[in-house]
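*Asks:* Here you go, data-v9.csv (CSV, C-alpha atoms):
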```csv
chain,number,residue,atom,x,y,z
A,105,MET,CA,-9.4,-13.7,-9.7
A,106,ASN,CA,-7.8,-14.3,-13.1
A,107,HIS,CA,-5.7,-11.9,-15.1
A,108,ARG,CA,-8.8,-10.2,-16.6
A,109,SER,CA,-10.1,-9.4,-13.1
A,110,ALA,CA,-6.6,-8.2,-12.1
A,111,ALA,CA,-6.6,-5.9,-15.1
A,112,ALA,CA,-10.1,-4.7,-14.2
A,113,LEU,CA,-8.9,-3.9,-10.7
A,114,SER,CA,-5.9,-2.0,-12.0
A,115,LEU,CA,-8.3,-0.1,-14.3
A,116,GLY,CA,-10.6,0.6,-11.3
A,117,ILE,CA,-7.8,2.1,-9.4
A,118,LEU,CA,-6.9,4.5,-12.3
A,119,VAL,CA,-10.6,5.4,-12.7
A,120,ALA,CA,-11.1,6.2,-9.0
A,121,LEU,CA,-8.0,8.4,-9.0
A,122,ALA,CA,-9.1,10.1,-12.2
A,123,ALA,CA,-12.6,10.6,-10.8
A,124,GLY,CA,-11.2,12.3,-7.7
A,125,ALA,CA,-9.0,14.5,-9.8
A,126,LEU,CA,-11.7,15.6,-12.3
A,127,LEU,CA,-14.9,15.5,-10.4
A,128,PRO,CA,-16.0,17.6,-7.3
A,129,LEU,CA,-16.2,14.7,-4.9
A,130,ASP,CA,-16.5,17.0,-1.8
A,131,PHE,CA,-18.1,14.3,0.3
A,132,VAL,CA,-14.8,12.2,0.2
A,133,THR,CA,-13.2,14.2,3.0
A,134,PRO,CA,-10.0,13.2,4.8
A,135,PRO,CA,-12.0,11.6,7.6
A,136,VAL,CA,-13.9,9.5,5.0
A,137,VAL,CA,-10.6,8.5,3.4
A,138,ALA,CA,-9.2,7.5,6.8
A,139,ALA,CA,-12.4,5.5,7.6
A,140,CYS,CA,-12.2,3.7,4.2
A,141,VAL,CA,-8.5,2.8,4.8
A,142,GLY,CA,-9.6,1.6,8.3
A,143,VAL,CA,-12.3,-0.7,6.9
A,144,ALA,CA,-9.8,-2.2,4.4
A,145,THR,CA,-7.3,-2.7,7.1
A,146,LEU,CA,-9.8,-4.3,9.5
A,147,LEU,CA,-11.1,-6.8,7.0
A,148,THR,CA,-7.6,-7.6,5.6
A,149,VAL,CA,-6.0,-8.2,9.0
A,150,GLY,CA,-9.0,-10.0,10.2
A,151,GLY,CA,-9.0,-12.3,7.2
A,152,LEU,CA,-5.4,-13.4,7.5
A,153,ASP,CA,-4.7,-17.1,7.4
A,154,ALA,CA,-5.1,-18.7,10.8
A,155,ASN,CA,-2.4,-21.3,10.1
A,156,TRP,CA,0.4,-18.8,9.6
A,157,HIS,CA,2.1,-19.8,12.8
A,158,ARG,CA,2.2,-23.6,12.1
A,159,GLU,CA,5.1,-23.7,9.6
A,160,ARG,CA,8.6,-22.6,10.7
A,161,ALA,CA,9.6,-22.0,7.1
A,162,SER,CA,6.9,-19.4,6.7
A,163,TYR,CA,8.6,-17.3,9.4
A,164,GLN,CA,11.8,-17.3,7.5
A,165,VAL,CA,10.1,-16.3,4.3
A,166,ALA,CA,8.0,-13.6,6.0
A,167,GLY,CA,11.2,-12.2,7.6
A,168,ARG,CA,12.9,-12.1,4.2
A,169,LEU,CA,9.9,-10.4,2.6
A,170,PHE,CA,9.9,-7.8,5.5
A,171,ALA,CA,13.6,-7.1,4.8
A,172,ILE,CA,12.9,-6.8,1.1
A,173,ASN,CA,10.1,-4.4,1.8
A,174,LEU,CA,12.5,-2.2,3.8
A,175,VAL,CA,15.4,-2.4,1.4
A,176,ALA,CA,13.5,-2.2,-1.9
A,177,GLY,CA,10.4,-0.2,-0.8
A,178,SER,CA,11.3,2.0,2.2
A,179,LEU,CA,15.0,2.8,1.7
A,180,PRO,CA,14.7,4.2,-1.8
A,181,MET,CA,11.7,6.4,-0.7
A,182,ALA,CA,13.6,7.6,2.3
A,183,LEU,CA,16.6,8.6,0.1
A,184,VAL,CA,14.4,10.4,-2.3
A,185,GLY,CA,12.6,12.2,0.5
A,186,PHE,CA,15.8,13.4,2.1
A,187,MET,CA,17.3,14.4,-1.3
A,188,LEU,CA,14.2,16.5,-2.1
A,189,GLY,CA,14.2,17.9,1.5
A,190,ALA,CA,12.3,16.6,4.4
A,191,HIS,CA,10.9,20.2,5.0
A,192,THR,CA,9.3,20.2,1.5
A,193,PRO,CA,5.8,18.7,0.9
A,194,ALA,CA,7.2,16.5,-1.8
A,195,GLY,CA,10.0,15.2,0.4
A,196,ALA,CA,7.7,14.7,3.3
A,197,GLY,CA,5.4,12.7,1.0
A,198,PHE,CA,8.1,10.3,0.0
A,199,LEU,CA,9.2,10.0,3.6
A,200,ALA,CA,5.7,9.1,4.5
A,201,LEU,CA,5.7,6.4,2.0
A,202,ALA,CA,8.9,5.1,3.5
A,203,VAL,CA,7.5,4.7,7.0
A,204,VAL,CA,4.1,3.2,6.3
A,205,PRO,CA,3.7,-0.6,6.2
A,206,VAL,CA,3.0,-2.7,3.2
A,207,ALA,CA,-0.3,-2.2,1.4
A,208,ALA,CA,-3.1,-3.5,3.5
A,209,GLY,CA,-4.6,-5.5,0.6
A,210,ILE,CA,-1.5,-7.4,-0.4
A,211,PRO,CA,-2.7,-10.8,0.8
A,212,ALA,CA,-6.1,-10.2,-0.9
A,213,TYR,CA,-4.3,-9.2,-4.1
A,214,ALA,CA,-2.1,-12.3,-4.0
A,215,GLY,CA,-5.1,-14.6,-3.4
A,216,ALA,CA,-7.0,-12.8,-6.1
A,217,LEU,CA,-4.2,-13.5,-8.6
A,218,GLY,CA,-3.9,-17.2,-7.5
A,219,VAL,CA,-0.5,-16.6,-5.9
A,220,PRO,CA,-0.1,-18.6,-2.7
A,221,ALA,CA,-1.0,-16.0,0.0
A,222,ALA,CA,-0.1,-17.7,3.3
A,223,ARG,CA,3.5,-16.4,3.5
A,224,LEU,CA,2.4,-13.0,2.3
A,225,ALA,CA,-0.3,-13.0,4.9
A,226,LEU,CA,2.3,-13.7,7.6
A,227,PHE,CA,4.6,-11.0,6.2
A,228,ALA,CA,1.6,-8.5,6.2
A,229,LEU,CA,0.9,-9.4,9.8
A,230,LEU,CA,4.5,-8.9,10.8
A,231,SER,CA,4.6,-5.6,8.9
A,232,TYR,CA,1.5,-4.3,10.8
A,233,VAL,CA,2.7,-5.5,14.2
A,234,VAL,CA,5.8,-3.4,13.7
A,235,ALA,CA,3.8,-0.5,12.2
A,236,LEU,CA,1.6,-0.3,15.2
A,237,VAL,CA,4.5,0.9,17.2
A,238,VAL,CA,6.8,2.6,14.6
A,239,THR,CA,4.6,4.2,12.0
A,240,PRO,CA,2.6,6.6,14.2
A,241,ILE,CA,5.8,8.0,15.7
A,242,LEU,CA,7.5,8.4,12.3
A,243,LEU,CA,4.5,9.8,10.6
A,244,GLY,CA,4.2,12.4,13.4
A,245,LEU,CA,7.9,13.3,12.9
A,246,VAL,CA,7.5,13.6,9.1
A,247,LEU,CA,4.1,15.3,8.9
A,248,GLY,CA,3.1,16.4,12.4
A,249,SER,CA,3.0,19.8,14.0
A,250,ALA,CA,1.3,21.4,16.9
A,251,SER,CA,-1.5,22.6,14.7
A,252,ASN,CA,-2.3,19.4,12.8
A,253,TRP,CA,-1.3,16.6,15.2
A,254,ARG,CA,-5.0,16.0,16.2
A,255,GLN,CA,-6.1,15.3,12.6
A,256,LEU,CA,-3.0,13.2,11.8
A,257,ALA,CA,-3.5,11.2,15.0
A,258,PHE,CA,-7.1,10.6,13.9
A,259,THR,CA,-6.0,9.1,10.6
A,260,VAL,CA,-3.3,6.9,12.1
A,261,VAL,CA,-5.5,5.7,15.0
A,262,PHE,CA,-8.6,5.0,12.9
A,263,GLY,CA,-6.9,4.1,9.7
A,264,LEU,CA,-4.2,1.7,11.1
A,265,ILE,CA,-4.0,1.1,14.9
A,266,LEU,CA,-7.6,0.3,15.9
A,267,PRO,CA,-8.5,-1.6,12.7
A,268,SER,CA,-5.4,-3.7,13.0
A,269,ILE,CA,-6.2,-4.6,16.7
A,270,ALA,CA,-9.8,-5.1,15.9
A,271,GLY,CA,-9.0,-7.3,13.0
A,272,VAL,CA,-6.8,-9.6,15.1
A,273,LEU,CA,-9.3,-9.8,18.0
A,274,GLY,CA,-12.3,-10.2,15.7
A,275,ARG,CA,-10.9,-12.7,13.3
A,276,SER,CA,-13.4,-15.4,14.2
A,277,VAL,CA,-16.3,-13.1,13.4
A,278,ILE,CA,-14.8,-11.6,10.3
A,279,THR,CA,-13.9,-14.9,8.7
A,280,ARG,CA,-17.5,-16.2,9.0
A,281,ALA,CA,-18.3,-13.9,6.1
A,282,PRO,CA,-17.5,-15.4,2.7
A,283,ALA,CA,-14.1,-14.4,1.3
A,284,ARG,CA,-15.5,-13.0,-2.0
A,285,PRO,CA,-17.8,-10.4,-0.3
A,286,ARG,CA,-15.1,-9.4,2.1
A,287,ARG,CA,-12.7,-8.9,-0.7
A,288,ALA,CA,-15.3,-6.8,-2.6
A,289,VAL,CA,-15.8,-4.6,0.5
A,290,VAL,CA,-12.0,-4.2,0.8
A,291,ILE,CA,-11.6,-3.2,-2.8
A,292,THR,CA,-14.6,-0.9,-2.7
A,293,ALA,CA,-13.3,0.9,0.4
A,294,LEU,CA,-9.9,1.3,-1.2
A,295,LEU,CA,-11.4,2.7,-4.4
A,296,VAL,CA,-13.4,5.2,-2.4
A,297,ALA,CA,-10.2,6.2,-0.5
A,298,MET,CA,-8.4,6.5,-3.8
A,299,SER,CA,-11.0,8.8,-5.2
A,300,GLY,CA,-10.4,11.1,-2.3
A,301,LEU,CA,-6.7,10.9,-2.8
A,302,GLY,CA,-7.3,11.6,-6.5
A,303,GLY,CA,-8.2,15.2,-5.6
A,304,THR,CA,-4.5,15.8,-4.9
A,305,LEU,CA,-3.9,15.0,-8.6
A,306,SER,CA,-6.0,17.9,-9.9
A,307,PRO,CA,-3.8,20.1,-12.1
A,308,SER,CA,-5.3,23.1,-10.3
A,309,SER,CA,-4.4,21.9,-6.8
A,310,ILE,CA,-0.7,20.9,-7.3
A,311,THR,CA,2.1,23.0,-8.6
A,312,SER,CA,5.9,22.8,-8.3
A,313,VAL,CA,5.8,25.6,-5.8
A,314,GLU,CA,3.4,23.8,-3.6
A,315,LEU,CA,5.5,20.6,-3.8
A,316,GLY,CA,8.8,22.4,-3.1
A,317,ALA,CA,10.3,20.3,-5.9
A,318,PRO,CA,9.9,20.1,-9.7
A,319,LEU,CA,6.5,18.6,-10.5
A,320,VAL,CA,7.8,16.5,-13.4
A,321,LEU,CA,10.5,14.9,-11.2
A,322,VAL,CA,8.0,14.1,-8.4
A,323,VAL,CA,5.5,12.6,-10.8
A,324,ALA,CA,8.2,10.5,-12.5
A,325,ILE,CA,9.6,9.1,-9.3
A,326,ALA,CA,6.2,8.4,-7.8
A,327,LEU,CA,5.0,6.5,-11.0
A,328,LEU,CA,8.2,4.5,-11.2
A,329,ARG,CA,8.2,3.6,-7.5
A,330,ALA,CA,6.2,0.3,-7.5
A,331,PRO,CA,7.6,-1.3,-10.7
A,332,VAL,CA,11.2,-0.4,-9.7
A,333,GLY,CA,10.6,-1.6,-6.1
A,334,GLY,CA,9.1,-4.8,-7.5
A,335,LEU,CA,12.1,-5.3,-9.7
A,336,LEU,CA,14.5,-4.7,-6.9
A,337,GLY,CA,12.5,-7.1,-4.7
A,338,ALA,CA,12.6,-9.8,-7.4
A,339,LEU,CA,16.4,-9.3,-7.8
A,340,ALA,CA,16.9,-9.5,-4.1
A,341,ASN,CA,15.0,-12.8,-4.0
A,342,GLY,CA,17.6,-14.3,-6.4
A,343,ARG,CA,16.9,-17.3,-8.6
A,344,SER,CA,14.0,-19.2,-7.2
A,345,SER,CA,10.5,-20.3,-8.0
A,346,MET,CA,8.0,-18.1,-9.8
A,347,ALA,CA,5.9,-18.0,-6.6
A,348,THR,CA,8.6,-16.7,-4.3
A,349,GLY,CA,9.7,-14.3,-7.0
A,350,VAL,CA,6.2,-12.9,-7.3
A,351,GLU,CA,6.0,-12.7,-3.5
A,352,ALA,CA,9.3,-10.7,-3.4
A,353,ALA,CA,8.2,-8.4,-6.2
A,354,MET,CA,4.9,-7.6,-4.3
A,355,ALA,CA,6.8,-7.1,-1.1
A,356,GLY,CA,9.2,-4.7,-2.8
A,357,GLY,CA,6.7,-2.7,-4.7
A,358,TYR,CA,3.7,-2.3,-2.4
A,359,LYS,CA,3.4,0.3,0.3
A,360,ASN,CA,0.3,1.6,2.0
A,361,GLY,CA,0.0,4.7,-0.2
A,362,ALA,CA,-3.6,5.2,0.9
A,363,LEU,CA,-2.5,5.6,4.5
A,364,ALA,CA,0.4,7.8,3.6
A,365,GLY,CA,-1.9,10.0,1.5
A,366,ALA,CA,-4.6,10.1,4.1
A,367,ALA,CA,-2.1,11.1,6.8
A,368,ALA,CA,-0.8,13.9,4.6
A,369,LEU,CA,-4.3,15.2,3.9
A,370,SER,CA,-5.2,15.0,7.6
A,371,ALA,CA,-2.0,16.9,8.4
A,372,GLY,CA,-3.0,19.7,6.1
A,373,VAL,CA,-0.2,19.1,3.7
A,374,PRO,CA,-1.9,18.2,0.4
A,375,GLY,CA,1.3,18.3,-1.6
A,376,ALA,CA,2.7,15.5,0.5
A,377,ALA,CA,-0.3,13.3,-0.5
A,378,LEU,CA,0.8,13.4,-4.1
A,379,PRO,CA,3.5,10.6,-3.9
A,380,GLY,CA,1.0,8.3,-2.1
A,381,ALA,CA,-1.8,9.0,-4.6
A,382,LEU,CA,0.5,8.5,-7.7
A,383,GLY,CA,2.0,5.5,-6.0
A,384,LEU,CA,-1.5,3.9,-6.2
A,385,VAL,CA,-1.3,4.4,-10.0
A,386,SER,CA,2.2,2.9,-9.9
A,387,GLU,CA,0.9,-0.1,-7.9
A,388,ALA,CA,-1.9,-0.6,-10.4
A,389,VAL,CA,0.8,-1.0,-13.1
A,390,LEU,CA,2.7,-3.4,-10.9
A,391,LEU,CA,-0.4,-5.5,-10.3
A,392,ALA,CA,-1.1,-5.8,-14.0
A,393,GLY,CA,2.6,-6.8,-14.6
A,394,VAL,CA,2.6,-9.4,-11.8
A,395,SER,CA,-0.7,-10.8,-13.1
A,396,LEU,CA,0.9,-11.1,-16.6
A,397,VAL,CA,4.0,-12.8,-15.3
A,398,TRP,CA,2.1,-15.2,-13.1
A,399,ARG,CA,-0.2,-16.1,-15.9
A,400,HIS,CA,2.7,-17.1,-18.1
A,401,GLY,CA,4.7,-18.8,-15.4
A,402,ASP,CA,3.2,-22.3,-15.6
A,403,SER,CA,6.6,-24.0,-15.9
A,404,TRP,CA,7.9,-22.1,-12.9
A,405,ARG,CA,4.9,-23.0,-10.8
A,406,GLY,CA,5.3,-26.7,-11.8
A,407,CYS,CA,8.9,-26.5,-10.5
A,408,HIS,CA,7.7,-24.8,-7.3
A,409,ALA,CA,5.1,-27.5,-6.8
A,410,ALA,CA,7.6,-30.2,-7.2
```
Would it be possible to restate this file's structure as structure tokens?
*Replies:*
Amino acid sequence: MNHRSAAALSLGILVALAAGALLPLDFVTPPVVAACVGVATLLTVGGLDANWHRERASYQVAGRLFAINLVAGSLPMALVGFMLGAHTPAGAGFLALAVVPVAAGIPAYAGALGVPAARLALFALLSYVVALVVTPILLGLVLGSASNWRQLAFTVVFGLILPSIAGVLGRSVITRAPARPRRAVVITALLVAMSGLGGTLSPSSITSVELGAPLVLVVAIALLRAPVGGLLGALANGRSSMATGVEAAMAGGYKNGALAGAAALSAGVPGAALPGALGLVSEAVLLAGVSLVWRHGDSWRGCHAA
């Protein structure tokens, strides 16, 4: 995928969210959103590079990217969530973003941009291995209650746990399908999920009272999340090649906002889905920015190749 396709994908994300906010898409229910997230997770995890374990250096890079994701992606969201109040929908929404893994499609996004995806694939796999154990527990603490635990468990199990396990076990079958159609299905599933999350962006469904925090503040933080996280990630990476800088920016800026938003909807806390939904807008901006930087980084790529 070239920079034009990346721009088209960014635009598609915005259109899907806008469609969900402005149109009565009643058929895109929380279970449908969870199922779409699950399909994207299944095909992404199942399509990870089979050679990730053969290079020792890749482990070091993946570990560094995992640390960058925690420091530049999770920690700021956790601080914001606690500052707004973990008991408020807005605070819970940012805390949900803090505890979900990296966006499921990050290896596909990297490969689509022409960025070397092997180390990002290993990072994504590491992130999801940890998430299988940690994320369900933390999401339950952030969003769960006796009345909504069943719906929340459905989203986590069918949106994250089972698809991740099935993707690892079914890799040989999944990779038989050509990469381009798989990527198209992943992107389509994510866009459908985003249209469902877009319903949380409707002006009539979200107010400052329902968020438990000033609406303008919540929107501003959510929209700045991915670019700021990407910048922090790139700074944490230090002076290095363009390729590793882009990897670090993606690790710092991308979170599985679709999973966070779907979990909030399933938990019956629509206000908590707003940070995740707006985070997808934020990540669309980051994707376009990374595409632009990568497009004009020929001299850096030459240095990296050398």
*Asks:* Return the single residue from A:Ser162, A:Thr133, A:Ser114, A:Ser370 that is closest to A:Thr348, with distances computed using all atoms listed in the file.
*Replies:*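 That would be A:Ser162, the residue with the smallest distance to A:Thr348.
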*Asks:* So which residues touch stretch 384-388 of chain A within 9 Å, counting all atoms listed in the file, skipping near sequence neighbours fewer than 3 positions away, as a list in words?
*Replies:*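 Once the adjacent positions are removed, what remains is Ala111, Leu113, Ser114, Leu115, Gly116, Ile117, Leu118, Leu121, Met298, Ala326, Leu327, Leu328, Arg329, Ala330, Pro331, Gly357, Tyr358, Lys359, Asn360, Gly361, Ala362, Pro379, Gly380, Ala381, Leu391, Ala392 and Gly393 of chain A.
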*Asks:* Give me, please, the distance in Å between atom CA of A:Ser231 and atom CA of A:Ile172, quoted to one decimal.
*Replies:*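 It comes out at 11.5 Å.
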*Asks:* Just how far from atom CA of A:Gly316 is atom CA of A:Leu188, in Å to one decimal?
*Replies:* 8.1 Å
*Asks:* Starting from the point (-10.5, 12.0, -9.0), work out which residues of protein, DNA or RNA have an atom no more than 7 Å away when counting all atoms listed in the file; state them as a ChimeraX atom specification.
*Replies:* /A:120-127,299-300,302-303
*Asks:* For A:Pro267, which residue out of A:Leu339, A:Thr148, A:Leu129, A:Val137 is the nearest one, using only C-alpha atoms?
*Replies:*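 Ranked by minimum distance to A:Pro267, first place goes to A:Thr148.
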*Asks:* From the list A:Leu169, A:Ala228, A:Ala139, A:Val373, which residue is nearest A:Gly334 when using all atoms listed in the file?
*Replies:*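 Closest to A:Gly334, using all atoms listed in the file: A:Leu169.
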*Asks:* Just how far from atom CA of A:Pro193 is atom CA of A:Leu315, in Å to one decimal?
*Replies:*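 These two atoms are separated by 5.1 Å.
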*Asks:* Of the candidates A:Leu147, A:Val119, A:Ala352, A:Leu378, which shows the shortest atom-to-atom distance to A:Arg280, using only C-alpha atoms?
*Replies:*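 Going through A:Leu147, A:Val119, A:Ala352, A:Leu378 one by one, the smallest distance to A:Arg280 is for A:Leu147.
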*Asks:* Using only C-alpha atoms, which of A:Leu146, A:Val237, A:Leu336, A:Ala288 sits nearest A:Ser178?
*Replies:* A:Leu336
*Asks:* Which of these, A:Leu266, A:Ala368, A:Val141, A:Leu335, has the shortest distance to A:Glu351 once you count all atoms listed in the file?
*Replies:* A:Leu335
